[in-house]
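Participant: Let me begin by handing over the structure; questions about it come next.
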Amino acid sequence: MENDRKAEPDVKAQVFALVEAVVEARPFHPSTLAEKAKVELDVADRRSNPYFVVWEGEGTEGSLVARAEVRVPTGKGPSKDGLVVLKLSATAGSAVVERDVFAKWGDGPEVRPPNPTGPADLPVHYLYRLPWGTLSFGFSRDEPAHLVEVVLDATGAR
């Protein structure tokens with residue numbers, strides 16, 4: 001049990017370090033995200049459009065990320081640096097609870113509850129408005145709530 005307690009802060013620190021590394025990697029690019037998040041990404045033609053090329057994929061062995069998506073602006077719209085969605089692995093996500101995010105990024109995020117008519121597993125998001133865009137942490141609705149996804153939106157949309 002002692003080893004489990006020591007491992008948890010390390011995983012939490014790794015999750016936060018990953019978020020910070022992706023923030024610093026703007027504008028978002030699939031090869032950079034693949035390297036930093038240890039994911040294999042492919043173009044998702046069916047989801048891409050005239051404004052964004054969408055790349056998506058799964059985490060490789062040892063990744064904190066189960067699935068990732070990056071939306072790269074094509075230049076045809078006003079979007080700036082793109083958007084990244086990181087769906088965390090169960091191990092990584094369970095190491096981070098709400099108070100950890102509040103301690104790291106501040107106690108005053110905007111709370112974005114899921115649509116009540118949506119699926120029951122949609123997360124509750126805590127959104128931080130930063131100079132470069134928005135950083136949103138999605139938490140499960142079960143108890144204790146744990147981090148399930150992180151969204152970094154640097155498209156310029158506020």
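To be explicit about the labels: the chains of the structure tokens are called A, B, and onward in the order shown, and within each one the residues are counted from 1, while ligands get numbers from 1 in the order they are shown.
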Would you pick out the contacts of Ala120 in chain A at 12 Å or less, using only C-alpha atoms, so that residues sharing its chain but fewer than 5 positions from it are not included, and give the list as a list in words?
Facilitator: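 Listing them by chain and then by number gives Pro113, Pro114, Asn115, Ser140, Arg141 and Asp142 of chain A.
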Participant: Save the residues we just selected, N, CA and C atoms, as a PDB file, in the first residue's frame?
Facilitator:
ATOM      1  N   PRO A 113     -21.288  22.118 -16.491  1.00  0.00           N
ATOM      2  CA  PRO A 113     -21.906  20.801 -16.315  1.00  0.00           C
ATOM      3  C   PRO A 113     -22.312  20.227 -17.674  1.00  0.00           C
ATOM      4  N   PRO A 114     -22.404  18.926 -17.771  1.00  0.00           N
ATOM      5  CA  PRO A 114     -22.836  18.328 -19.035  1.00  0.00           C
ATOM      6  C   PRO A 114     -24.317  18.608 -19.287  1.00  0.00           C
ATOM      7  N   ASN A 115     -24.705  18.493 -20.537  1.00  0.00           N
ATOM      8  CA  ASN A 115     -26.100  18.651 -20.904  1.00  0.00           C
ATOM      9  C   ASN A 115     -26.904  17.551 -20.213  1.00  0.00           C
ATOM     10  N   SER A 140     -15.106  12.918 -14.066  1.00  0.00           N
ATOM     11  CA  SER A 140     -16.198  11.948 -14.022  1.00  0.00           C
ATOM     12  C   SER A 140     -17.242  12.428 -13.029  1.00  0.00           C
ATOM     13  N   ARG A 141     -18.441  11.875 -13.167  1.00  0.00           N
ATOM     14  CA  ARG A 141     -19.520  12.247 -12.243  1.00  0.00           C
ATOM     15  C   ARG A 141     -19.691  11.231 -11.133  1.00  0.00           C
ATOM     16  N   ASP A 142     -18.852  10.203 -11.116  1.00  0.00           N
ATOM     17  CA  ASP A 142     -18.938   9.237 -10.018  1.00  0.00           C
ATOM     18  C   ASP A 142     -18.119   9.738  -8.837  1.00  0.00           C
TER      19      ASP A 142
END
Participant: Could you write out, as an MDAnalysis selection string, all the residues of range 7-78 of chain A that DSSP marks as alpha helix (DSSP H)?
Facilitator: chainID A and resid 7:24 30:37
Participant: Report as a list in words all protein, DNA and RNA residues lying within 12 Å of Thr32 in chain A, evaluated on only C-alpha atoms, omitting residues in the same chain fewer than 2 positions from it.
Facilitator: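 Residues near the query, excluding close chain neighbours: Leu18, Ala21, Val22, Val23, Glu24, Ala25, Arg26, Pro27, Phe28, His29, Pro30, Ala34, Glu35, Lys36, Ala37, Lys38, Val39, Glu40, Leu41, Val70, Val72 and Val84 of chain A.
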Participant: Write a file of the selected residues as a PDB file, in the first residue's frame, keeping N, CA and C atoms.
Facilitator:
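This went into selection_27.pdb:
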ATOM      1  N   LEU A  18       2.488  16.845 -18.595  1.00  0.00           N
ATOM      2  CA  LEU A  18       2.014  16.635 -19.963  1.00  0.00           C
ATOM      3  C   LEU A  18       1.140  17.806 -20.406  1.00  0.00           C
ATOM      4  N   ALA A  21       3.319  20.753 -21.094  1.00  0.00           N
ATOM      5  CA  ALA A  21       4.110  20.561 -22.321  1.00  0.00           C
ATOM      6  C   ALA A  21       3.266  20.786 -23.570  1.00  0.00           C
ATOM      7  N   VAL A  22       2.026  20.334 -23.544  1.00  0.00           N
ATOM      8  CA  VAL A  22       1.145  20.537 -24.699  1.00  0.00           C
ATOM      9  C   VAL A  22       0.788  22.017 -24.824  1.00  0.00           C
ATOM     10  N   VAL A  23       0.519  22.689 -23.708  1.00  0.00           N
ATOM     11  CA  VAL A  23       0.244  24.130 -23.744  1.00  0.00           C
ATOM     12  C   VAL A  23       1.405  24.866 -24.422  1.00  0.00           C
ATOM     13  N   GLU A  24       2.610  24.518 -24.054  1.00  0.00           N
ATOM     14  CA  GLU A  24       3.797  25.193 -24.601  1.00  0.00           C
ATOM     15  C   GLU A  24       4.060  24.844 -26.061  1.00  0.00           C
ATOM     16  N   ALA A  25       3.412  23.815 -26.574  1.00  0.00           N
ATOM     17  CA  ALA A  25       3.666  23.349 -27.945  1.00  0.00           C
ATOM     18  C   ALA A  25       2.765  24.027 -28.978  1.00  0.00           C
ATOM     19  N   ARG A  26       2.123  25.124 -28.624  1.00  0.00           N
ATOM     20  CA  ARG A  26       1.280  25.822 -29.590  1.00  0.00           C
ATOM     21  C   ARG A  26       2.149  26.466 -30.654  1.00  0.00           C
ATOM     22  N   PRO A  27       1.680  26.567 -31.896  1.00  0.00           N
ATOM     23  CA  PRO A  27       0.438  26.015 -32.408  1.00  0.00           C
ATOM     24  C   PRO A  27       0.492  24.491 -32.416  1.00  0.00           C
ATOM     25  N   PHE A  28      -0.662  23.887 -32.187  1.00  0.00           N
ATOM     26  CA  PHE A  28      -0.722  22.435 -32.069  1.00  0.00           C
ATOM     27  C   PHE A  28      -0.456  21.774 -33.418  1.00  0.00           C
ATOM     28  N   HIS A  29       0.350  20.733 -33.369  1.00  0.00           N
ATOM     29  CA  HIS A  29       0.700  19.979 -34.576  1.00  0.00           C
ATOM     30  C   HIS A  29       0.672  18.497 -34.215  1.00  0.00           C
ATOM     31  N   PRO A  30       0.182  17.649 -35.120  1.00  0.00           N
ATOM     32  CA  PRO A  30       0.057  16.228 -34.778  1.00  0.00           C
ATOM     33  C   PRO A  30       1.373  15.557 -34.400  1.00  0.00           C
ATOM     34  N   ALA A  34       1.922  13.827 -30.836  1.00  0.00           N
ATOM     35  CA  ALA A  34       2.244  12.396 -30.819  1.00  0.00           C
ATOM     36  C   ALA A  34       3.467  12.134 -29.950  1.00  0.00           C
ATOM     37  N   GLU A  35       4.463  12.987 -30.082  1.00  0.00           N
ATOM     38  CA  GLU A  35       5.693  12.819 -29.297  1.00  0.00           C
ATOM     39  C   GLU A  35       5.464  13.088 -27.818  1.00  0.00           C
ATOM     40  N   LYS A  36       4.824  14.193 -27.498  1.00  0.00           N
ATOM     41  CA  LYS A  36       4.663  14.585 -26.096  1.00  0.00           C
ATOM     42  C   LYS A  36       3.685  13.677 -25.344  1.00  0.00           C
ATOM     43  N   ALA A  37       2.597  13.261 -26.014  1.00  0.00           N
ATOM     44  CA  ALA A  37       1.565  12.460 -25.349  1.00  0.00           C
ATOM     45  C   ALA A  37       1.741  10.958 -25.577  1.00  0.00           C
ATOM     46  N   LYS A  38       2.725  10.566 -26.383  1.00  0.00           N
ATOM     47  CA  LYS A  38       2.954   9.153 -26.708  1.00  0.00           C
ATOM     48  C   LYS A  38       1.695   8.533 -27.307  1.00  0.00           C
ATOM     49  N   VAL A  39       1.234   9.154 -28.395  1.00  0.00           N
ATOM     50  CA  VAL A  39       0.056   8.661 -29.102  1.00  0.00           C
ATOM     51  C   VAL A  39       0.402   8.492 -30.583  1.00  0.00           C
ATOM     52  N   GLU A  40      -0.335   7.602 -31.238  1.00  0.00           N
ATOM     53  CA  GLU A  40      -0.226   7.428 -32.683  1.00  0.00           C
ATOM     54  C   GLU A  40      -1.455   8.059 -33.315  1.00  0.00           C
ATOM     55  N   LEU A  41      -1.237   9.073 -34.154  1.00  0.00           N
ATOM     56  CA  LEU A  41      -2.332   9.830 -34.732  1.00  0.00           C
ATOM     57  C   LEU A  41      -2.422   9.608 -36.241  1.00  0.00           C
ATOM     58  N   VAL A  70      -6.323  16.075 -32.224  1.00  0.00           N
ATOM     59  CA  VAL A  70      -5.829  17.427 -32.465  1.00  0.00           C
ATOM     60  C   VAL A  70      -6.518  17.956 -33.714  1.00  0.00           C
ATOM     61  N   VAL A  72      -6.230  20.828 -36.384  1.00  0.00           N
ATOM     62  CA  VAL A  72      -5.257  21.778 -36.922  1.00  0.00           C
ATOM     63  C   VAL A  72      -5.969  22.704 -37.904  1.00  0.00           C
ATOM     64  N   VAL A  84      -6.816  20.625 -28.850  1.00  0.00           N
ATOM     65  CA  VAL A  84      -6.371  19.289 -28.470  1.00  0.00           C
ATOM     66  C   VAL A  84      -7.327  18.732 -27.414  1.00  0.00           C
TER      67      VAL A  84
END
Participant: Give me, as a list in words, all polymer residues having an atom no more than 9 Å from Ala90 in chain A, counting only C-alpha atoms and skipping those fewer than 6 positions away in the same chain.
Facilitator: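 Residues near the query, excluding close chain neighbours: Leu64, Val65, Ala66, Leu147 and Val148 of chain A.
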Participant: Rank A:Ala145, A:Val53, A:Leu152, A:Leu135 by their smallest atom-to-atom distance to Val97 in chain A, using only C-alpha atoms, and report the top residue only.
Facilitator: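 Closest to Val97 in chain A of all the choices is A:Ala145.
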Participant: Compile the contact shell of Pro109 in chain A as a PDB file with N, CA, C and O atoms, in the first residue's frame: residues with an atom at most 10 Å away, counting only C-alpha atoms, same-chain residues fewer than 5 positions apart removed.
Facilitator:
ATOM      1  N   VAL A 101      -6.440  19.914  -9.313  1.00  0.00           N
ATOM      2  CA  VAL A 101      -6.508  20.904 -10.392  1.00  0.00           C
ATOM      3  C   VAL A 101      -6.677  22.306  -9.803  1.00  0.00           C
ATOM      4  O   VAL A 101      -6.002  23.244 -10.240  1.00  0.00           O
ATOM      5  N   PHE A 102      -7.544  22.446  -8.809  1.00  0.00           N
ATOM      6  CA  PHE A 102      -7.754  23.753  -8.198  1.00  0.00           C
ATOM      7  C   PHE A 102      -6.466  24.262  -7.546  1.00  0.00           C
ATOM      8  O   PHE A 102      -6.157  25.452  -7.627  1.00  0.00           O
ATOM      9  N   HIS A 125     -16.941  19.793 -16.620  1.00  0.00           N
ATOM     10  CA  HIS A 125     -15.701  20.488 -16.982  1.00  0.00           C
ATOM     11  C   HIS A 125     -15.476  21.719 -16.110  1.00  0.00           C
ATOM     12  O   HIS A 125     -16.420  22.445 -15.785  1.00  0.00           O
ATOM     13  N   TYR A 126     -14.215  21.920 -15.755  1.00  0.00           N
ATOM     14  CA  TYR A 126     -13.767  23.127 -15.073  1.00  0.00           C
ATOM     15  C   TYR A 126     -12.875  23.856 -16.058  1.00  0.00           C
ATOM     16  O   TYR A 126     -11.834  23.341 -16.468  1.00  0.00           O
ATOM     17  N   LEU A 127     -13.295  25.068 -16.450  1.00  0.00           N
ATOM     18  CA  LEU A 127     -12.656  25.786 -17.537  1.00  0.00           C
ATOM     19  C   LEU A 127     -11.894  26.999 -17.019  1.00  0.00           C
ATOM     20  O   LEU A 127     -12.436  27.790 -16.236  1.00  0.00           O
ATOM     21  N   TYR A 128     -10.655  27.127 -17.479  1.00  0.00           N
ATOM     22  CA  TYR A 128      -9.811  28.272 -17.141  1.00  0.00           C
ATOM     23  C   TYR A 128      -9.563  29.074 -18.410  1.00  0.00           C
ATOM     24  O   TYR A 128      -9.138  28.516 -19.424  1.00  0.00           O
ATOM     25  N   ARG A 129      -9.839  30.375 -18.350  1.00  0.00           N
ATOM     26  CA  ARG A 129      -9.546  31.268 -19.472  1.00  0.00           C
ATOM     27  C   ARG A 129      -8.137  31.817 -19.281  1.00  0.00           C
ATOM     28  O   ARG A 129      -7.849  32.465 -18.271  1.00  0.00           O
ATOM     29  N   LEU A 135      -8.344  26.262 -21.102  1.00  0.00           N
ATOM     30  CA  LEU A 135      -7.867  24.979 -20.609  1.00  0.00           C
ATOM     31  C   LEU A 135      -8.993  24.407 -19.768  1.00  0.00           C
ATOM     32  O   LEU A 135      -9.452  25.038 -18.815  1.00  0.00           O
ATOM     33  N   SER A 136      -9.464  23.236 -20.144  1.00  0.00           N
ATOM     34  CA  SER A 136     -10.639  22.654 -19.500  1.00  0.00           C
ATOM     35  C   SER A 136     -10.323  21.246 -19.005  1.00  0.00           C
ATOM     36  O   SER A 136      -9.774  20.429 -19.753  1.00  0.00           O
ATOM     37  N   PHE A 137     -10.678  20.985 -17.761  1.00  0.00           N
ATOM     38  CA  PHE A 137     -10.461  19.685 -17.148  1.00  0.00           C
ATOM     39  C   PHE A 137     -11.810  19.014 -16.945  1.00  0.00           C
ATOM     40  O   PHE A 137     -12.670  19.553 -16.245  1.00  0.00           O
TER      41      PHE A 137
END
Participant: Which residues are close to Lys76 in chain A, i.e. within 9 Å by only C-alpha atoms, leaving aside same-chain residues fewer than 4 positions away? Reply as a ChimeraX atom specification.
Facilitator: /A:50-52
Participant: Emit the selected residues as a PDB file, in the first residue's frame, including all heavy atoms.
Facilitator:
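For reference, again-v7.pdb as written:
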ATOM      1  N   PRO A  50     -13.452  22.018 -44.064  1.00  0.00           N
ATOM      2  CA  PRO A  50     -12.647  23.076 -44.690  1.00  0.00           C
ATOM      3  C   PRO A  50     -11.842  23.925 -43.703  1.00  0.00           C
ATOM      4  O   PRO A  50     -10.877  24.567 -44.095  1.00  0.00           O
ATOM      5  CB  PRO A  50     -13.685  23.933 -45.423  1.00  0.00           C
ATOM      6  CG  PRO A  50     -14.827  23.013 -45.677  1.00  0.00           C
ATOM      7  CD  PRO A  50     -14.858  22.085 -44.487  1.00  0.00           C
ATOM      8  N   TYR A  51     -12.211  23.905 -42.420  1.00  0.00           N
ATOM      9  CA  TYR A  51     -11.550  24.755 -41.431  1.00  0.00           C
ATOM     10  C   TYR A  51     -10.527  24.047 -40.560  1.00  0.00           C
ATOM     11  O   TYR A  51      -9.615  24.674 -40.036  1.00  0.00           O
ATOM     12  CB  TYR A  51     -12.606  25.430 -40.552  1.00  0.00           C
ATOM     13  CG  TYR A  51     -13.588  26.206 -41.387  1.00  0.00           C
ATOM     14  CD1 TYR A  51     -14.842  25.683 -41.689  1.00  0.00           C
ATOM     15  CD2 TYR A  51     -13.245  27.437 -41.919  1.00  0.00           C
ATOM     16  CE1 TYR A  51     -15.734  26.378 -42.488  1.00  0.00           C
ATOM     17  CE2 TYR A  51     -14.131  28.144 -42.722  1.00  0.00           C
ATOM     18  CZ  TYR A  51     -15.366  27.608 -43.005  1.00  0.00           C
ATOM     19  OH  TYR A  51     -16.238  28.295 -43.805  1.00  0.00           O
ATOM     20  N   PHE A  52     -10.699  22.739 -40.384  1.00  0.00           N
ATOM     21  CA  PHE A  52      -9.787  21.961 -39.539  1.00  0.00           C
ATOM     22  C   PHE A  52      -9.475  20.619 -40.178  1.00  0.00           C
ATOM     23  O   PHE A  52     -10.372  19.951 -40.694  1.00  0.00           O
ATOM     24  CB  PHE A  52     -10.410  21.658 -38.163  1.00  0.00           C
ATOM     25  CG  PHE A  52     -10.555  22.845 -37.274  1.00  0.00           C
ATOM     26  CD1 PHE A  52     -11.768  23.508 -37.180  1.00  0.00           C
ATOM     27  CD2 PHE A  52      -9.493  23.300 -36.516  1.00  0.00           C
ATOM     28  CE1 PHE A  52     -11.920  24.604 -36.356  1.00  0.00           C
ATOM     29  CE2 PHE A  52      -9.634  24.400 -35.686  1.00  0.00           C
ATOM     30  CZ  PHE A  52     -10.850  25.049 -35.617  1.00  0.00           C
TER      31      PHE A  52
END
Participant: My list of candidates is A:Leu130, A:Gly138, A:Ser63, A:Glu110. Which is closest to Val11 in chain A when distances are computed with only C-alpha atoms?
Facilitator: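 Smallest distance to Val11 in chain A is found for A:Ser63.
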Participant: Have a look at A:Arg71, A:Arg112, A:Lys87, A:Lys80 and name the one nearest to Ser48 in chain A; count only C-alpha atoms.
Facilitator: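 For Ser48 in chain A, the nearest of the candidates is A:Arg71.
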Participant: Using only C-alpha atoms, which residues sit within 7 Å of Val43 in chain A once same-chain residues fewer than 4 positions away are excluded, as a PDB file with N, CA, C and O atoms, in the first residue's frame?
Facilitator:
ATOM      1  N   VAL A  54      -8.567  17.108 -38.814  1.00  0.00           N
ATOM      2  CA  VAL A  54      -8.670  16.426 -37.527  1.00  0.00           C
ATOM      3  C   VAL A  54      -7.798  15.179 -37.552  1.00  0.00           C
ATOM      4  O   VAL A  54      -7.891  14.362 -38.469  1.00  0.00           O
ATOM      5  N   TRP A  55      -6.956  15.067 -36.553  1.00  0.00           N
ATOM      6  CA  TRP A  55      -6.109  13.899 -36.343  1.00  0.00           C
ATOM      7  C   TRP A  55      -6.563  13.246 -35.057  1.00  0.00           C
ATOM      8  O   TRP A  55      -6.861  13.941 -34.076  1.00  0.00           O
ATOM      9  N   GLU A  56      -6.626  11.911 -35.026  1.00  0.00           N
ATOM     10  CA  GLU A  56      -7.018  11.221 -33.802  1.00  0.00           C
ATOM     11  C   GLU A  56      -6.292   9.888 -33.707  1.00  0.00           C
ATOM     12  O   GLU A  56      -5.809   9.365 -34.713  1.00  0.00           O
TER      13      GLU A  56
END
Participant: Between A:Val19, A:Gly75, A:Asp10, A:Gly106, which one has atoms that come closest to Leu88 in chain A, using only C-alpha atoms?
Facilitator: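 Smallest distance to Leu88 in chain A is found for A:Val19.
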Participant: Go through A:Glu69, A:Glu143, A:Asp100, A:Glu61 one by one, measure the shortest atom-to-atom distance of each to Ala13 in chain A using only C-alpha atoms, and give the residue with the smallest value.
Facilitator: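 So, comparing all the options, the nearest one is A:Asp100.
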